[in-house]
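Asks: What follows is a structure written as structure tokens; I'll ask about it next.
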Amino acid sequence: MSDSSNPCDVTSVSSATQALWRSVNCLWPIAALRDLEHWLLAEETVSMTNGLPEASVDKRLMGRAAQSAFDLLRQRWPETRRLCVLCGGGNNAGDGYLVARLAQLAGFEVRIIALKDEAQLTGDAQLAAIAAREAGVERHPWPQDTATAESLVKGWPLLLDALTGIGLREAPRGAVAHAIELINQRHREGAHVMALDVPSGLDAATGAVAGVAVEADVTLTFLVDKPGLHTGRAELHAGHVSLARLGAARVLPEVVKQTRTAALLACESVQRLTPRWLETELVPRSPLAHKGDAGSVLVFGGGPGLGGSVLLASEAAARAGAGKVALLTAPAHVSASLTRCPEVMVRGLKSGPEGSSHDGFAVLEAQMAQASVTLVGPGMGTEPLESLLWGWGGLSRVLAADQPLVVDADALSLLAWRAGEGEVIRRDDWVLTPHPGEAARLLGCSVAQVEQDRPGAVRALQQRYGGSVVLKGAGSLIASPAGVLEGPDVALCPYGNPGMASGGMGDVLGGIIAGLAAQALNGGFDARQSRTHEQGTAQAAHVTRCMAQAARVGVLVHALAADRAVQERGERGLLAGDLASYMHLLLNPRARNAHTPV
């Protein structure tokens, strides 16, 4: 789904962006990873051509990978002394053969199940197989019948997946698929599973699974981390992901400067968001700050009978730190809002004469003129008539106001409807927050197609609709306009949990993003910023940057708050409203104590 018609410009990449590309929190596209591999292998070749003795395979890159894997294996399961390694072909198999050799030399009971004969292997993989054989490792070829295959893996407490790694180009078939199924069967029976580089069958770029994939407890990935280990179906297959750099950090400063590699990173790399990154984004407010510095949010939605979503969203905006929050909703929801969160300034919108909603439109336009940012969509309804407040009529007035927006829920469905009618609305001053179903409607494709390539889908949404786009789900992704923020244009949040599968979570996320955007737009989000009075292009760029920043921070805070809540309460029964107190703590990582009496 990626847009290849927009080549990435790398003529003016900043040093900060290059530093992010080199960091452990940059998830690399596979093509750029291949460039890094070739660079490291070329170094080994240069050493040999310069007259230095050729290092044995266990001392080269493959050997370093195997040593890292064996060290992690022993650290994770120190009591286990029996290891079964399933090897396919290529370098992933070579890594497996060398891990088996190390285990054998350390006194383990080791068995290799080989899907390819030694003679069919090439290069370092073949040398690794020879080294394992010479170390005395027990080796069995892949059997023809199912019963024998099952007997070979039965009873082994620890299995190592060295079948395909990142080399898989299509859904596993034949012996590879059968081997994956046997690994998963043993895993369900209680065996531990470790995958080398990437669980076989999992797409390292997208996190998709075509057919079957290994279900690992631990994945040790090499050189750089990969997006597919943290989004899509990765949660079911990758387990705990560790990274072994194998000396790559030494050459990365030169590799990321290469034109081809830099272009690939500029177009396709992904930044992983972390709690430490969050701390750098959220510094204490100025001691002179007042509520005007923290911006104002307008939440518009909650038509008749649909009030819960806007109550959650407006409270979340306030909890996220917005100076003022106003809510425009159906009159029936006013008393509930005042009871739940009296800090929110709520007003009921009534229909006008004969249901025309003219008075509601006037109030809406007046309230938007006072807000820094508007959140539109929760509980809004999807009525397509221009004359009705709850539906396209209201959304069309919001769009006409030319104000920064967070667009969620029913408003996304209305945008998809307009796109289907031939009117694709595109702007840079908004954040769209679709779940996969809404994303599919916005792109005019199926949910399966979105999930098959989540990074591609979020990029396609951003290219089509502009602004910043949050694709929700396991491993939420945030795409922003090129060059607005330092580093990759797509960020990934690896946090969150299944407890978030409950009503209202998306409404809370929308409120958090809106509250953070209001602060960023007014200089109160970060004490390092000052309130801007830029005009024209500079002001537009400032707004786009603030909205992108708020989207990333909001997604991470939302997920981390849910994780903290689950640690204390468990997943089942977690409600969207439970996140508020945890959000408050996360948004103040360096709470000021300068005014505490001593």
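Identifiers for the structure tokens are assigned positionally: chains receive A, B, ... in sequence, residues are indexed from 1 per chain, and ligands are indexed from 1 in the order shown.
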Give me the residues near A:Leu265 as a ChimeraX atom specification, where near means some atom within 12 Å (using only C-alpha atoms) and where sequence neighbours in that chain fewer than 3 positions away do not count.
Replies: /A:7-10,13,17-22,26-33,35-36,255-262,268-271,487-490
Asks: What are the closest atom pairs, with distances in Å to one decimal, for each residue of stretch 110-211 of chain A lying within 12 Å of stretch 439-463 of chain A, using only C-alpha atoms, rows by chain and rising residue number, as JSON lines?
Replies:
{"residue": "A:Leu202", "atom": "CA", "partner": "A:Gln452", "partner_atom": "CA", "distance": 11.0}
{"residue": "A:Asp203", "atom": "CA", "partner": "A:Asp453", "partner_atom": "CA", "distance": 9.3}
{"residue": "A:Ala204", "atom": "CA", "partner": "A:Asp453", "partner_atom": "CA", "distance": 10.8}
{"residue": "A:Ala205", "atom": "CA", "partner": "A:Pro455", "partner_atom": "CA", "distance": 8.2}
{"residue": "A:Thr206", "atom": "CA", "partner": "A:Asp453", "partner_atom": "CA", "distance": 5.1}
{"residue": "A:Gly207", "atom": "CA", "partner": "A:Asp453", "partner_atom": "CA", "distance": 7.5}
{"residue": "A:Ala208", "atom": "CA", "partner": "A:Gln452", "partner_atom": "CA", "distance": 5.2}
{"residue": "A:Val209", "atom": "CA", "partner": "A:Gln452", "partner_atom": "CA", "distance": 7.7}
{"residue": "A:Ala210", "atom": "CA", "partner": "A:Gln452", "partner_atom": "CA", "distance": 8.6}
{"residue": "A:Gly211", "atom": "CA", "partner": "A:Gln452", "partner_atom": "CA", "distance": 11.9}
Asks: Find the residues around A:Val241 up to 7 Å (only C-alpha atoms counted), leave out those fewer than 5 positions away in its own chain, and share them as a VMD selection string.
Replies: chain A and resid 218 to 220
Asks: Save the residues we just selected, N, CA and C atoms, as a PDB file, in the first residue's frame?
Replies:
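Printed below is again-v1.pdb as written:
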ATOM      1  N   VAL A 218      10.502 -16.172  23.046  1.00  0.00           N
ATOM      2  CA  VAL A 218      11.562 -15.174  22.922  1.00  0.00           C
ATOM      3  C   VAL A 218      12.012 -15.136  21.469  1.00  0.00           C
ATOM      4  N   THR A 219      12.240 -13.937  20.956  1.00  0.00           N
ATOM      5  CA  THR A 219      12.865 -13.763  19.654  1.00  0.00           C
ATOM      6  C   THR A 219      14.120 -12.927  19.838  1.00  0.00           C
ATOM      7  N   LEU A 220      15.244 -13.442  19.371  1.00  0.00           N
ATOM      8  CA  LEU A 220      16.472 -12.660  19.348  1.00  0.00           C
ATOM      9  C   LEU A 220      16.691 -12.208  17.912  1.00  0.00           C
TER      10      LEU A 220
END
Asks: For A:Leu158, please output as a list in words all residues within 7 Å (counting only C-alpha atoms; exclusion window: fewer than 2 positions along the same chain).
Replies: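 The filter keeps Arg82, Leu83, Cys84, Trp156, Leu160, Ala191, His192 and Val193 of chain A.
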Asks: Just want the 10 Å neighbourhood of stretch 474-478 of chain A, counted on only C-alpha atoms, with same-chain residues fewer than 6 positions away dropped. Output as an NGL selection string.
Replies: :A and (207 or 227-235 or 270-273 or 431-433 or 435 or 454-455 or 457-459 or 462 or 468 or 489-498 or 548 or 551-552 or 555-556 or 559)
Asks: Per residue of stretch 227-319 of chain A within 12 Å of stretch 404-415 of chain A, which atom pair is closest and at what distance in Å (one decimal), using only C-alpha atoms, listed by chain and increasing number, as JSON lines?
Replies:
{"residue": "A:Ser296", "atom": "CA", "partner": "A:Pro404", "partner_atom": "CA", "distance": 11.5}
{"residue": "A:Val297", "atom": "CA", "partner": "A:Leu405", "partner_atom": "CA", "distance": 9.7}
{"residue": "A:Leu298", "atom": "CA", "partner": "A:Leu405", "partner_atom": "CA", "distance": 9.5}
{"residue": "A:Val299", "atom": "CA", "partner": "A:Val406", "partner_atom": "CA", "distance": 9.4}
{"residue": "A:Phe300", "atom": "CA", "partner": "A:Val407", "partner_atom": "CA", "distance": 10.3}
{"residue": "A:Gly301", "atom": "CA", "partner": "A:Asp410", "partner_atom": "CA", "distance": 9.1}
{"residue": "A:Gly302", "atom": "CA", "partner": "A:Asp410", "partner_atom": "CA", "distance": 10.2}
{"residue": "A:Gly303", "atom": "CA", "partner": "A:Asp410", "partner_atom": "CA", "distance": 10.8}
{"residue": "A:Leu306", "atom": "CA", "partner": "A:Asp410", "partner_atom": "CA", "distance": 11.1}
{"residue": "A:Ser309", "atom": "CA", "partner": "A:Ala409", "partner_atom": "CA", "distance": 9.6}
{"residue": "A:Val310", "atom": "CA", "partner": "A:Ala409", "partner_atom": "CA", "distance": 10.9}
{"residue": "A:Ala313", "atom": "CA", "partner": "A:Asp408", "partner_atom": "CA", "distance": 10.5}
{"residue": "A:Ala317", "atom": "CA", "partner": "A:Val406", "partner_atom": "CA", "distance": 11.3}
Asks: Atom CA of A:Phe222 and atom CA of A:Leu121, how far apart in Å?
Replies: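 For atom CA of A:Leu121 relative to atom CA of A:Phe222, the distance reads 21.0 Å.
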Asks: When DSSP works through the backbone of this structure, what residues of stretch 106-337 of chain A end up as alpha helix (DSSP H), shown as a ChimeraX atom specification?
Replies: /A:123-134,146-153,174-188,234-237,248-255,259-268,275-281,308-319,334-337
Asks: Kindly save the residues from that selection, with C-alpha atoms included, as a PDB file, in the first residue's frame.
Replies:
ATOM      1  CA  GLY A 123      28.511 -20.439   2.011  1.00  0.00           C
ATOM      2  CA  ASP A 124      28.703 -19.879   5.753  1.00  0.00           C
ATOM      3  CA  ALA A 125      25.539 -21.917   6.347  1.00  0.00           C
ATOM      4  CA  GLN A 126      27.262 -25.016   4.966  1.00  0.00           C
ATOM      5  CA  LEU A 127      30.408 -24.279   6.989  1.00  0.00           C
ATOM      6  CA  ALA A 128      28.242 -23.951  10.102  1.00  0.00           C
ATOM      7  CA  ALA A 129      26.599 -27.329   9.432  1.00  0.00           C
ATOM      8  CA  ILE A 130      30.028 -28.907   9.053  1.00  0.00           C
ATOM      9  CA  ALA A 131      31.192 -27.302  12.314  1.00  0.00           C
ATOM     10  CA  ALA A 132      28.156 -28.696  14.151  1.00  0.00           C
ATOM     11  CA  ARG A 133      28.764 -32.168  12.713  1.00  0.00           C
ATOM     12  CA  GLU A 134      32.463 -32.074  13.667  1.00  0.00           C
ATOM     13  CA  THR A 146       4.253 -37.314  10.248  1.00  0.00           C
ATOM     14  CA  ALA A 147       4.611 -39.836  13.065  1.00  0.00           C
ATOM     15  CA  THR A 148       8.412 -39.871  12.825  1.00  0.00           C
ATOM     16  CA  ALA A 149       8.559 -36.079  12.686  1.00  0.00           C
ATOM     17  CA  GLU A 150       6.433 -35.826  15.817  1.00  0.00           C
ATOM     18  CA  SER A 151       8.627 -38.334  17.628  1.00  0.00           C
ATOM     19  CA  LEU A 152      11.766 -36.314  16.825  1.00  0.00           C
ATOM     20  CA  VAL A 153      10.510 -33.199  18.649  1.00  0.00           C
ATOM     21  CA  GLY A 174       5.531 -28.482   2.796  1.00  0.00           C
ATOM     22  CA  ALA A 175       8.158 -29.456   5.337  1.00  0.00           C
ATOM     23  CA  VAL A 176       8.611 -25.898   6.612  1.00  0.00           C
ATOM     24  CA  ALA A 177       4.900 -25.501   7.361  1.00  0.00           C
ATOM     25  CA  HIS A 178       4.813 -28.919   9.016  1.00  0.00           C
ATOM     26  CA  ALA A 179       7.869 -28.093  11.136  1.00  0.00           C
ATOM     27  CA  ILE A 180       6.253 -24.841  12.286  1.00  0.00           C
ATOM     28  CA  GLU A 181       3.087 -26.686  13.256  1.00  0.00           C
ATOM     29  CA  LEU A 182       5.094 -29.207  15.290  1.00  0.00           C
ATOM     30  CA  ILE A 183       6.972 -26.414  17.086  1.00  0.00           C
ATOM     31  CA  ASN A 184       3.669 -24.768  17.982  1.00  0.00           C
ATOM     32  CA  GLN A 185       2.211 -28.076  19.127  1.00  0.00           C
ATOM     33  CA  ARG A 186       5.136 -28.614  21.496  1.00  0.00           C
ATOM     34  CA  HIS A 187       4.802 -25.005  22.661  1.00  0.00           C
ATOM     35  CA  ARG A 188       1.174 -25.605  23.619  1.00  0.00           C
ATOM     36  CA  ALA A 234       3.624 -10.151  16.225  1.00  0.00           C
ATOM     37  CA  GLU A 235       2.166 -10.219  19.722  1.00  0.00           C
ATOM     38  CA  LEU A 236       1.044 -13.815  19.102  1.00  0.00           C
ATOM     39  CA  HIS A 237       4.325 -14.980  17.614  1.00  0.00           C
ATOM     40  CA  ALA A 248      26.729  -3.063  13.827  1.00  0.00           C
ATOM     41  CA  ALA A 249      26.835   0.077  16.004  1.00  0.00           C
ATOM     42  CA  ARG A 250      30.445   0.589  14.917  1.00  0.00           C
ATOM     43  CA  VAL A 251      29.603   0.900  11.214  1.00  0.00           C
ATOM     44  CA  LEU A 252      26.120   2.453  11.388  1.00  0.00           C
ATOM     45  CA  PRO A 253      27.397   6.070  11.277  1.00  0.00           C
ATOM     46  CA  GLU A 254      28.809   5.375   7.795  1.00  0.00           C
ATOM     47  CA  VAL A 255      26.061   3.063   6.573  1.00  0.00           C
ATOM     48  CA  THR A 259      22.505   7.361  -0.540  1.00  0.00           C
ATOM     49  CA  ARG A 260      20.530   4.170  -1.152  1.00  0.00           C
ATOM     50  CA  THR A 261      20.346   3.218   2.520  1.00  0.00           C
ATOM     51  CA  ALA A 262      19.405   6.746   3.590  1.00  0.00           C
ATOM     52  CA  ALA A 263      16.611   6.836   0.999  1.00  0.00           C
ATOM     53  CA  LEU A 264      15.240   3.529   2.239  1.00  0.00           C
ATOM     54  CA  LEU A 265      15.352   4.692   5.848  1.00  0.00           C
ATOM     55  CA  ALA A 266      13.734   8.023   4.981  1.00  0.00           C
ATOM     56  CA  CYS A 267      10.870   6.274   3.184  1.00  0.00           C
ATOM     57  CA  GLU A 268      10.282   3.139   5.220  1.00  0.00           C
ATOM     58  CA  PRO A 275       8.763   5.662  28.080  1.00  0.00           C
ATOM     59  CA  ARG A 276      12.213   7.256  27.998  1.00  0.00           C
ATOM     60  CA  TRP A 277      11.288   9.110  24.802  1.00  0.00           C
ATOM     61  CA  LEU A 278       8.116  10.300  26.534  1.00  0.00           C
ATOM     62  CA  GLU A 279      10.161  11.855  29.323  1.00  0.00           C
ATOM     63  CA  THR A 280      12.128  13.905  26.801  1.00  0.00           C
ATOM     64  CA  GLU A 281       8.889  15.235  25.317  1.00  0.00           C
ATOM     65  CA  GLY A 308     -21.146   8.129  26.708  1.00  0.00           C
ATOM     66  CA  SER A 309     -18.391   8.563  24.149  1.00  0.00           C
ATOM     67  CA  VAL A 310     -18.169  12.357  24.443  1.00  0.00           C
ATOM     68  CA  LEU A 311     -18.264  12.224  28.243  1.00  0.00           C
ATOM     69  CA  LEU A 312     -15.194   9.993  28.182  1.00  0.00           C
ATOM     70  CA  ALA A 313     -13.465  12.062  25.500  1.00  0.00           C
ATOM     71  CA  SER A 314     -14.013  15.420  27.186  1.00  0.00           C
ATOM     72  CA  GLU A 315     -12.815  14.174  30.562  1.00  0.00           C
ATOM     73  CA  ALA A 316      -9.726  12.650  28.918  1.00  0.00           C
ATOM     74  CA  ALA A 317      -8.930  15.988  27.260  1.00  0.00           C
ATOM     75  CA  ALA A 318      -9.067  17.668  30.655  1.00  0.00           C
ATOM     76  CA  ARG A 319      -6.979  14.944  32.276  1.00  0.00           C
ATOM     77  CA  VAL A 334     -25.706  17.676  29.931  1.00  0.00           C
ATOM     78  CA  SER A 335     -26.593  16.561  33.451  1.00  0.00           C
ATOM     79  CA  ALA A 336     -24.504  13.396  33.115  1.00  0.00           C
ATOM     80  CA  SER A 337     -21.488  15.458  32.048  1.00  0.00           C
TER      81      SER A 337
END
Asks: Just checking: using only C-alpha atoms, which residue out of A:Asp507, A:Leu389, A:Pro157, A:Gly483 ends up closest to A:Gly307?
Replies: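 Selected residue with least distance to A:Gly307: A:Asp507.
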